[in-house]
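S.K.: Structure: structure01.cif, mmCIF, C-alpha atoms.
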```
data_structure
#
loop_
_atom_site.label_atom_id
_atom_site.label_comp_id
_atom_site.auth_asym_id
_atom_site.auth_seq_id
_atom_site.Cartn_x
_atom_site.Cartn_y
_atom_site.Cartn_z
CA MET A 3 0.00 0.00 0.00
CA VAL A 4 1.32 3.44 -1.00
CA ARG A 5 1.27 5.98 1.83
CA PRO A 6 -0.39 9.35 1.07
CA ARG A 7 2.90 11.21 1.57
CA SER A 8 4.61 9.19 -1.15
CA ARG A 9 1.65 9.08 -3.51
CA THR A 10 2.55 12.29 -5.39
CA PRO A 11 6.06 11.17 -6.48
CA HIS A 12 4.59 7.86 -7.68
CA MET A 13 1.86 9.62 -9.65
CA GLU A 14 4.38 12.02 -11.19
CA SER A 15 6.69 9.18 -12.17
CA ALA A 16 3.81 7.30 -13.79
CA ALA A 17 2.74 10.43 -15.68
CA ILE A 18 6.27 11.01 -17.00
CA ALA A 19 6.58 7.36 -18.07
CA ALA A 20 3.20 7.52 -19.84
CA TYR A 21 4.21 10.71 -21.63
CA HIS A 22 7.39 9.14 -22.96
CA ARG A 23 5.59 5.97 -24.11
CA GLN A 24 2.68 7.66 -25.91
CA THR A 25 2.88 8.35 -29.66
CA GLU A 26 0.07 10.88 -30.17
CA VAL A 27 2.22 13.97 -29.63
CA PRO A 28 5.97 14.48 -30.17
CA VAL A 29 8.06 13.81 -27.08
CA VAL A 30 10.37 16.69 -26.16
CA ASP A 31 13.97 15.49 -26.09
CA ILE A 32 15.60 18.53 -24.49
CA LEU A 33 14.28 21.08 -22.01
CA LEU A 34 15.70 24.50 -21.15
CA ALA A 35 14.83 25.44 -17.58
CA ASP A 36 16.16 26.72 -14.30
CA ASP A 37 17.65 24.33 -11.77
CA ALA A 38 14.39 23.55 -9.98
CA PRO A 39 14.10 19.84 -9.08
CA GLN A 40 10.72 19.41 -10.79
CA PHE A 41 12.38 19.76 -14.19
CA LYS A 42 14.78 16.86 -13.62
CA LYS A 43 14.22 13.60 -15.53
CA LEU A 44 11.39 15.04 -17.65
CA THR A 45 13.44 14.88 -20.83
CA ALA A 46 16.43 12.96 -22.13
CA GLU A 47 18.57 16.10 -21.86
CA LEU A 48 18.33 19.24 -19.71
CA ALA A 49 19.87 22.63 -20.46
CA LEU A 50 20.12 25.24 -17.72
CA CYS A 51 19.39 28.95 -17.94
CA TRP A 52 22.45 31.21 -17.60
CA ILE A 53 20.34 34.15 -16.41
CA HIS A 54 19.02 32.11 -13.50
CA ASP A 55 22.50 30.98 -12.55
CA GLY A 56 23.76 34.55 -12.73
CA ARG A 57 21.06 35.68 -10.30
CA HIS A 58 22.65 33.55 -7.58
CA TYR A 59 25.71 35.81 -7.74
CA ASN A 60 23.50 38.89 -7.49
CA ARG A 61 22.12 37.55 -4.20
CA LEU A 62 25.57 37.65 -2.61
CA ASP A 63 25.83 40.78 -0.50
CA PRO A 64 29.41 41.24 0.75
CA ILE A 65 30.31 44.10 3.09
CA VAL A 66 34.10 43.83 3.31
CA PRO A 67 35.59 45.91 0.45
CA CYS A 68 37.94 43.17 -0.77
CA ASN A 69 34.99 40.76 -1.02
CA VAL A 70 32.98 43.38 -2.88
CA ASP A 71 35.82 43.76 -5.38
CA ALA A 72 36.20 39.99 -5.76
CA LEU A 73 32.50 39.57 -6.54
CA LYS A 74 32.47 42.49 -8.97
CA ASP A 75 35.50 41.13 -10.82
CA PHE A 76 34.07 37.61 -11.09
CA LYS A 77 30.66 38.80 -12.28
CA THR A 78 32.40 40.74 -15.05
CA ARG A 79 34.23 37.58 -16.13
CA PHE A 80 30.99 35.57 -15.82
CA TRP A 81 29.07 37.81 -18.22
CA ASN A 82 32.02 38.13 -20.58
CA PHE A 83 31.96 34.34 -20.92
CA TYR A 84 28.21 34.51 -21.48
CA GLY A 85 28.90 36.96 -24.31
CA ASP A 86 31.36 34.49 -25.84
CA LEU A 87 28.63 31.83 -25.81
CA LEU A 88 26.31 34.22 -27.65
CA LYS A 89 28.99 34.75 -30.30
CA TYR A 90 29.40 30.98 -30.61
CA LYS A 91 25.70 30.60 -31.35
CA ASP A 92 26.09 32.91 -34.35
CA ASP A 93 29.15 31.07 -35.67
CA PRO A 94 29.43 27.58 -34.13
CA ALA A 95 32.58 25.57 -34.74
CA SER A 96 34.07 22.51 -33.02
CA GLU A 97 37.34 24.36 -32.36
CA THR A 98 35.48 27.20 -30.65
CA ALA A 99 33.41 24.74 -28.60
CA ALA A 100 36.57 23.07 -27.32
CA LYS A 101 38.07 26.43 -26.43
CA LEU A 102 34.95 27.52 -24.56
CA THR A 103 34.91 24.27 -22.61
CA ILE A 104 38.44 24.95 -21.40
CA GLU A 105 37.53 28.55 -20.59
CA PHE A 106 34.56 27.33 -18.55
CA ASP A 107 36.84 25.05 -16.52
CA ASN A 108 39.30 27.88 -15.91
CA LEU A 109 36.64 30.42 -14.99
CA PHE A 110 34.77 28.19 -12.59
CA SER A 111 37.92 26.89 -10.93
CA THR A 112 38.60 30.41 -9.65
CA LYS A 113 39.42 30.74 -5.97
CA THR A 114 38.93 34.09 -4.26
CA ILE A 115 39.25 35.42 -0.71
CA TYR A 116 35.43 35.47 -0.47
CA ALA A 117 34.25 32.08 0.82
CA ALA A 118 30.59 32.52 -0.16
CA LEU A 119 31.62 33.39 -3.73
CA ASN A 120 33.88 30.33 -3.90
CA ASP A 121 30.96 28.16 -2.82
CA ARG A 122 28.74 29.69 -5.50
CA ILE A 123 31.41 29.21 -8.18
CA GLU A 124 31.71 25.54 -7.27
CA LYS A 125 27.94 25.07 -7.58
CA THR A 126 28.06 26.54 -11.09
CA ARG A 127 30.99 24.31 -12.04
CA ASN A 128 28.95 21.27 -11.03
CA LYS A 129 26.33 22.23 -13.63
CA LYS A 130 28.85 22.30 -16.48
CA GLU A 131 27.14 19.74 -18.70
CA GLU A 132 23.74 21.44 -18.51
CA LEU A 133 25.08 25.00 -18.84
CA LEU A 134 27.24 24.11 -21.87
CA LYS A 135 24.52 22.19 -23.70
CA VAL A 136 24.52 25.05 -26.22
CA LEU A 137 27.92 23.89 -27.46
CA LYS A 138 26.21 20.68 -28.61
CA TYR A 139 23.03 22.40 -29.79
CA PRO A 140 23.88 25.97 -30.96
CA TRP A 141 20.21 26.67 -31.68
CA LEU A 142 19.38 26.46 -27.97
CA PRO A 143 18.69 29.76 -26.18
CA LEU A 144 20.98 30.58 -23.27
CA HIS A 145 18.09 31.59 -21.03
CA ASN A 146 14.39 30.87 -20.60
CA ASN A 147 13.28 34.41 -19.82
CA ASP A 148 10.93 34.40 -22.82
CA SER A 149 8.98 31.51 -21.26
CA GLU A 150 8.85 33.24 -17.90
CA LEU A 151 7.68 36.50 -19.44
CA GLY A 152 4.81 34.58 -21.01
CA ALA A 153 3.77 33.25 -17.59
CA ARG A 154 3.91 36.74 -16.09
CA VAL A 155 1.10 37.90 -18.39
CA GLU A 156 -1.30 35.92 -16.22
CA LYS A 157 0.02 37.58 -13.06
CA ARG A 158 -0.36 41.05 -14.57
CA ARG A 159 -3.94 40.20 -15.57
CA GLN A 160 -4.67 39.17 -11.99
CA ASP A 161 -3.33 42.52 -10.79
CA VAL A 162 -5.99 44.23 -12.91
CA SER A 163 -9.06 42.00 -12.56
CA LEU A 164 -8.28 39.64 -9.69
CA GLN A 165 -9.87 36.20 -10.19
CA THR A 166 -12.64 34.81 -12.36
CA LYS A 167 -16.08 34.06 -10.91
CA SER A 168 -16.84 30.75 -12.62
CA ASP A 169 -15.29 27.80 -14.42
CA ALA A 170 -16.62 29.19 -17.70
CA GLY A 171 -14.92 32.52 -16.99
CA THR A 172 -11.63 30.77 -16.23
CA THR A 173 -11.84 28.82 -19.50
CA ALA A 174 -12.60 31.98 -21.48
CA LYS A 175 -9.77 33.90 -19.83
CA ASP A 176 -7.26 31.12 -20.40
CA SER A 177 -8.36 30.69 -24.02
CA PHE A 178 -8.00 34.37 -24.91
CA LEU A 179 -4.67 34.71 -23.12
CA THR A 180 -3.37 31.68 -25.01
CA ILE A 181 -4.56 33.03 -28.36
CA THR A 182 -3.23 36.56 -27.83
CA GLN A 183 0.17 35.56 -26.50
CA THR A 184 0.69 32.84 -29.12
CA ALA A 185 -0.32 35.21 -31.90
CA LYS A 186 2.12 37.86 -30.67
CA LYS A 187 5.00 35.38 -30.63
CA LEU A 188 4.15 34.30 -34.17
CA GLY A 189 3.84 37.88 -35.45
CA VAL A 190 0.11 37.52 -36.11
CA ASN A 191 -2.28 40.44 -35.68
CA VAL A 192 -4.50 39.33 -32.78
CA TYR A 193 -7.54 41.43 -33.76
CA ARG A 194 -7.46 40.21 -37.36
CA TYR A 195 -7.04 36.60 -36.27
CA ILE A 196 -9.98 36.65 -33.83
CA PHE A 197 -12.16 38.50 -36.37
CA ASP A 198 -11.23 35.91 -39.00
CA ARG A 199 -12.38 33.10 -36.70
CA VAL A 200 -15.53 34.79 -35.39
CA SER A 201 -16.62 35.77 -38.92
CA ARG A 202 -15.84 32.21 -40.07
CA ASN A 203 -13.78 33.45 -43.00
CA PHE A 204 -10.87 31.20 -42.04
CA SER A 205 -8.62 33.02 -44.48
CA MET A 206 -5.73 33.06 -41.99
CA PRO A 207 -3.78 29.90 -41.13
CA ALA A 208 -4.38 28.29 -37.74
CA LEU A 209 -1.94 29.23 -35.00
CA SER A 210 -1.19 25.52 -34.51
CA ASP A 211 -0.08 25.26 -38.14
CA LEU A 212 2.12 28.33 -37.77
CA ILE A 213 3.73 26.86 -34.63
CA ILE A 214 4.69 23.71 -36.56
CA GLU A 215 5.92 25.79 -39.51
CA ASN A 216 8.09 27.96 -37.27
CA ALA A 217 9.48 24.91 -35.49
CA MET A 218 10.84 23.44 -38.72
CA PRO A 219 14.63 23.74 -39.09
#
```
Before we go any further, please render this structure as structure tokens.

M.R.:
Amino acid sequence: MVRPRSRTPHMESAAIAAYHRQTEVPVVDILLADDAPQFKKLTAELALCWIHDGRHYNRLDPIVPCNVDALKDFKTRFWNFYGDLLKYKDDPASETAAKLTIEFDNLFSTKTIYAALNDRIEKTRNKKEELLKVLKYPWLPLHNNDSELGARVEKRRQDVSLQTKSDAGTTAKDSFLTITQTAKKLGVNVYRYIFDRVSRNFSMPALSDLIIENAMP
């Protein structure tokens, strides 16, 4: 008998297994996310967001001047390396990938006089494979801020109109938010698209078709 406390992990594991075995929708092979534990084991490969990792360094708050200088210097080197990864995405080459791998090892083997910074650097070094996934897949983004910005639309809507009053209202709200945000990302005029559907002209392609078209290499 499964105890209630352990039921959720079992249900989640079963859901993940079912997702990977089904054939009705494509299974995602690689996921770009932050380092939250709920994203582990969902996909065959996991890439980590550099912006999220950089925020850990921003949370350090040294007072001693030499520690302040050490943190400032390392953050400069951190974002310079990030800039090199962006350049690699525009012009990927195996030689450059090898060089960046060595630079990563050198950068995140740094030892400073600031113990908390050293601890943070070591944590980043332990995520090497996930943070450098872009060297294997240059088309991968280096951060997932675009996904997070999409989720924040819902929070901003709640700031304006609080919550819905019924299940039907929730469905309508979610549907329109999905349509408007998807259309914006695809460069589709939202008003024209909704008018095309309401008027039943259907002269514009479905957003689902445009998603597939944009996903093609």

S.K.: Please compute the atom CA of A:Ile32-atom CA of A:Ala49 distance, one decimal, in Å.

M.R.: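 Atom CA of A:Ala49 lies at a distance of 7.2 Å from atom CA of A:Ile32.
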
S.K.: Can you tell me, as a list of chain:residue names, what residues are no more than 7 Å from A:Leu50 when counting only C-alpha atoms, ignoring any on the same chain fewer than 2 positions away?

M.R.: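 Non-adjacent residues within range: A:Leu34, A:Ala35, A:Asp36, A:Asp37, A:Leu48, A:Trp52, A:Glu132, A:Leu133.
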
S.K.: One decimal, in Å: what's the spacing between atom CA of A:Ala46 and atom CA of A:Trp141?

M.R.: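 Value for the atom CA of A:Ala46-atom CA of A:Trp141 distance: 17.1 Å.
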
S.K.: Excluding A:Gly56 and any residue of its chain fewer than 5 positions from it, enumerate the residues within 10 Å of it, using all atoms listed in the file, and give them as JSON, numbers by chain.

M.R.: {"A": [51, 61, 77, 80, 81, 84, 126]}

S.K.: Need to verify the contact set: A:Asp107, 10 Å, only C-alpha atoms, exclusion of same-chain residues closer than 5 positions in sequence. Can you return it as a ChimeraX atom specification?

M.R.: /A:102,112,127,130

S.K.: Please, what distance in Å, to one decimal, runs between atom CA of A:Val27 and atom CA of A:Met218?

M.R.: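 Taking atom CA of A:Val27 as the start and atom CA of A:Met218 as the end point, the length is 15.7 Å.
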
S.K.: Take stretch 45-69 of chain A, model N, CA, C and O atoms, and hand the result over as a JSON list (two decimals), in the coordinates of the input.

M.R.:
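This went into out-v6.json:
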```json
[["chain", "number", "residue", "atom", "x", "y", "z"],
["A", 45, "THR", "N", 12.98, 15.08, -19.46],
["A", 45, "THR", "CA", 13.44, 14.88, -20.83],
["A", 45, "THR", "C", 14.78, 14.15, -20.82],
["A", 45, "THR", "O", 15.45, 14.04, -19.80],
["A", 46, "ALA", "N", 15.16, 13.68, -22.01],
["A", 46, "ALA", "CA", 16.43, 12.96, -22.13],
["A", 46, "ALA", "C", 17.61, 13.87, -21.77],
["A", 46, "ALA", "O", 18.60, 13.43, -21.19],
["A", 47, "GLU", "N", 17.50, 15.15, -22.14],
["A", 47, "GLU", "CA", 18.57, 16.10, -21.86],
["A", 47, "GLU", "C", 17.99, 17.37, -21.25],
["A", 47, "GLU", "O", 16.88, 17.79, -21.58],
["A", 48, "LEU", "N", 18.76, 18.01, -20.38],
["A", 48, "LEU", "CA", 18.33, 19.24, -19.71],
["A", 48, "LEU", "C", 19.40, 20.31, -19.89],
["A", 48, "LEU", "O", 20.58, 20.07, -19.65],
["A", 49, "ALA", "N", 18.98, 21.47, -20.36],
["A", 49, "ALA", "CA", 19.87, 22.63, -20.46],
["A", 49, "ALA", "C", 19.45, 23.64, -19.40],
["A", 49, "ALA", "O", 18.26, 23.82, -19.15],
["A", 50, "LEU", "N", 20.42, 24.28, -18.78],
["A", 50, "LEU", "CA", 20.12, 25.24, -17.72],
["A", 50, "LEU", "C", 20.26, 26.68, -18.19],
["A", 50, "LEU", "O", 21.09, 26.99, -19.06],
["A", 51, "CYS", "N", 19.45, 27.53, -17.60],
["A", 51, "CYS", "CA", 19.39, 28.95, -17.94],
["A", 51, "CYS", "C", 20.55, 29.71, -17.30],
["A", 51, "CYS", "O", 20.74, 29.66, -16.08],
["A", 52, "TRP", "N", 21.31, 30.43, -18.11],
["A", 52, "TRP", "CA", 22.45, 31.21, -17.60],
["A", 52, "TRP", "C", 21.97, 32.41, -16.78],
["A", 52, "TRP", "O", 22.63, 32.80, -15.81],
["A", 53, "ILE", "N", 20.84, 32.99, -17.15],
["A", 53, "ILE", "CA", 20.34, 34.15, -16.41],
["A", 53, "ILE", "C", 19.99, 33.74, -14.98],
["A", 53, "ILE", "O", 20.30, 34.45, -14.01],
["A", 54, "HIS", "N", 19.35, 32.58, -14.84],
["A", 54, "HIS", "CA", 19.02, 32.11, -13.50],
["A", 54, "HIS", "C", 20.27, 31.85, -12.67],
["A", 54, "HIS", "O", 20.32, 32.18, -11.49],
["A", 55, "ASP", "N", 21.27, 31.25, -13.30],
["A", 55, "ASP", "CA", 22.50, 30.98, -12.55],
["A", 55, "ASP", "C", 23.19, 32.29, -12.16],
["A", 55, "ASP", "O", 23.73, 32.40, -11.06],
["A", 56, "GLY", "N", 23.15, 33.27, -13.04],
["A", 56, "GLY", "CA", 23.76, 34.55, -12.73],
["A", 56, "GLY", "C", 23.08, 35.26, -11.58],
["A", 56, "GLY", "O", 23.73, 36.02, -10.83],
["A", 57, "ARG", "N", 21.79, 35.03, -11.38],
["A", 57, "ARG", "CA", 21.06, 35.68, -10.30],
["A", 57, "ARG", "C", 21.57, 35.23, -8.93],
["A", 57, "ARG", "O", 21.48, 35.97, -7.95],
["A", 58, "HIS", "N", 22.11, 34.02, -8.86],
["A", 58, "HIS", "CA", 22.65, 33.55, -7.58],
["A", 58, "HIS", "C", 23.81, 34.45, -7.13],
["A", 58, "HIS", "O", 23.98, 34.70, -5.93],
["A", 59, "TYR", "N", 24.60, 34.93, -8.08],
["A", 59, "TYR", "CA", 25.71, 35.81, -7.74],
["A", 59, "TYR", "C", 25.21, 37.18, -7.31],
["A", 59, "TYR", "O", 25.82, 37.84, -6.48],
["A", 60, "ASN", "N", 24.07, 37.61, -7.88],
["A", 60, "ASN", "CA", 23.50, 38.89, -7.49],
["A", 60, "ASN", "C", 22.98, 38.87, -6.05],
["A", 60, "ASN", "O", 22.86, 39.91, -5.41],
["A", 61, "ARG", "N", 22.65, 37.67, -5.56],
["A", 61, "ARG", "CA", 22.12, 37.55, -4.20],
["A", 61, "ARG", "C", 23.22, 37.64, -3.14],
["A", 61, "ARG", "O", 22.93, 37.84, -1.95],
["A", 62, "LEU", "N", 24.46, 37.47, -3.56],
["A", 62, "LEU", "CA", 25.57, 37.65, -2.61],
["A", 62, "LEU", "C", 25.66, 39.12, -2.23],
["A", 62, "LEU", "O", 25.54, 40.00, -3.09],
["A", 63, "ASP", "N", 25.84, 39.39, -0.97],
["A", 63, "ASP", "CA", 25.83, 40.78, -0.50],
["A", 63, "ASP", "C", 27.01, 41.04, 0.44],
["A", 63, "ASP", "O", 26.85, 41.22, 1.66],
["A", 64, "PRO", "N", 28.23, 41.04, -0.10],
["A", 64, "PRO", "CA", 29.41, 41.24, 0.75],
["A", 64, "PRO", "C", 29.49, 42.66, 1.30],
["A", 64, "PRO", "O", 28.98, 43.61, 0.69],
["A", 65, "ILE", "N", 30.12, 42.80, 2.45],
["A", 65, "ILE", "CA", 30.31, 44.10, 3.09],
["A", 65, "ILE", "C", 31.78, 44.51, 3.07],
["A", 65, "ILE", "O", 32.11, 45.67, 2.81],
["A", 66, "VAL", "N", 32.66, 43.54, 3.31],
["A", 66, "VAL", "CA", 34.10, 43.83, 3.31],
["A", 66, "VAL", "C", 34.53, 44.26, 1.92],
["A", 66, "VAL", "O", 34.22, 43.59, 0.92],
["A", 67, "PRO", "N", 35.22, 45.38, 1.78],
["A", 67, "PRO", "CA", 35.59, 45.91, 0.45],
["A", 67, "PRO", "C", 36.30, 44.91, -0.46],
["A", 67, "PRO", "O", 36.03, 44.85, -1.65],
["A", 68, "CYS", "N", 37.22, 44.11, 0.09],
["A", 68, "CYS", "CA", 37.94, 43.17, -0.77],
["A", 68, "CYS", "C", 37.00, 42.10, -1.31],
["A", 68, "CYS", "O", 37.17, 41.62, -2.44],
["A", 69, "ASN", "N", 35.99, 41.73, -0.53],
["A", 69, "ASN", "CA", 34.99, 40.76, -1.02],
["A", 69, "ASN", "C", 34.09, 41.38, -2.08],
["A", 69, "ASN", "O", 33.71, 40.72, -3.05]]
```
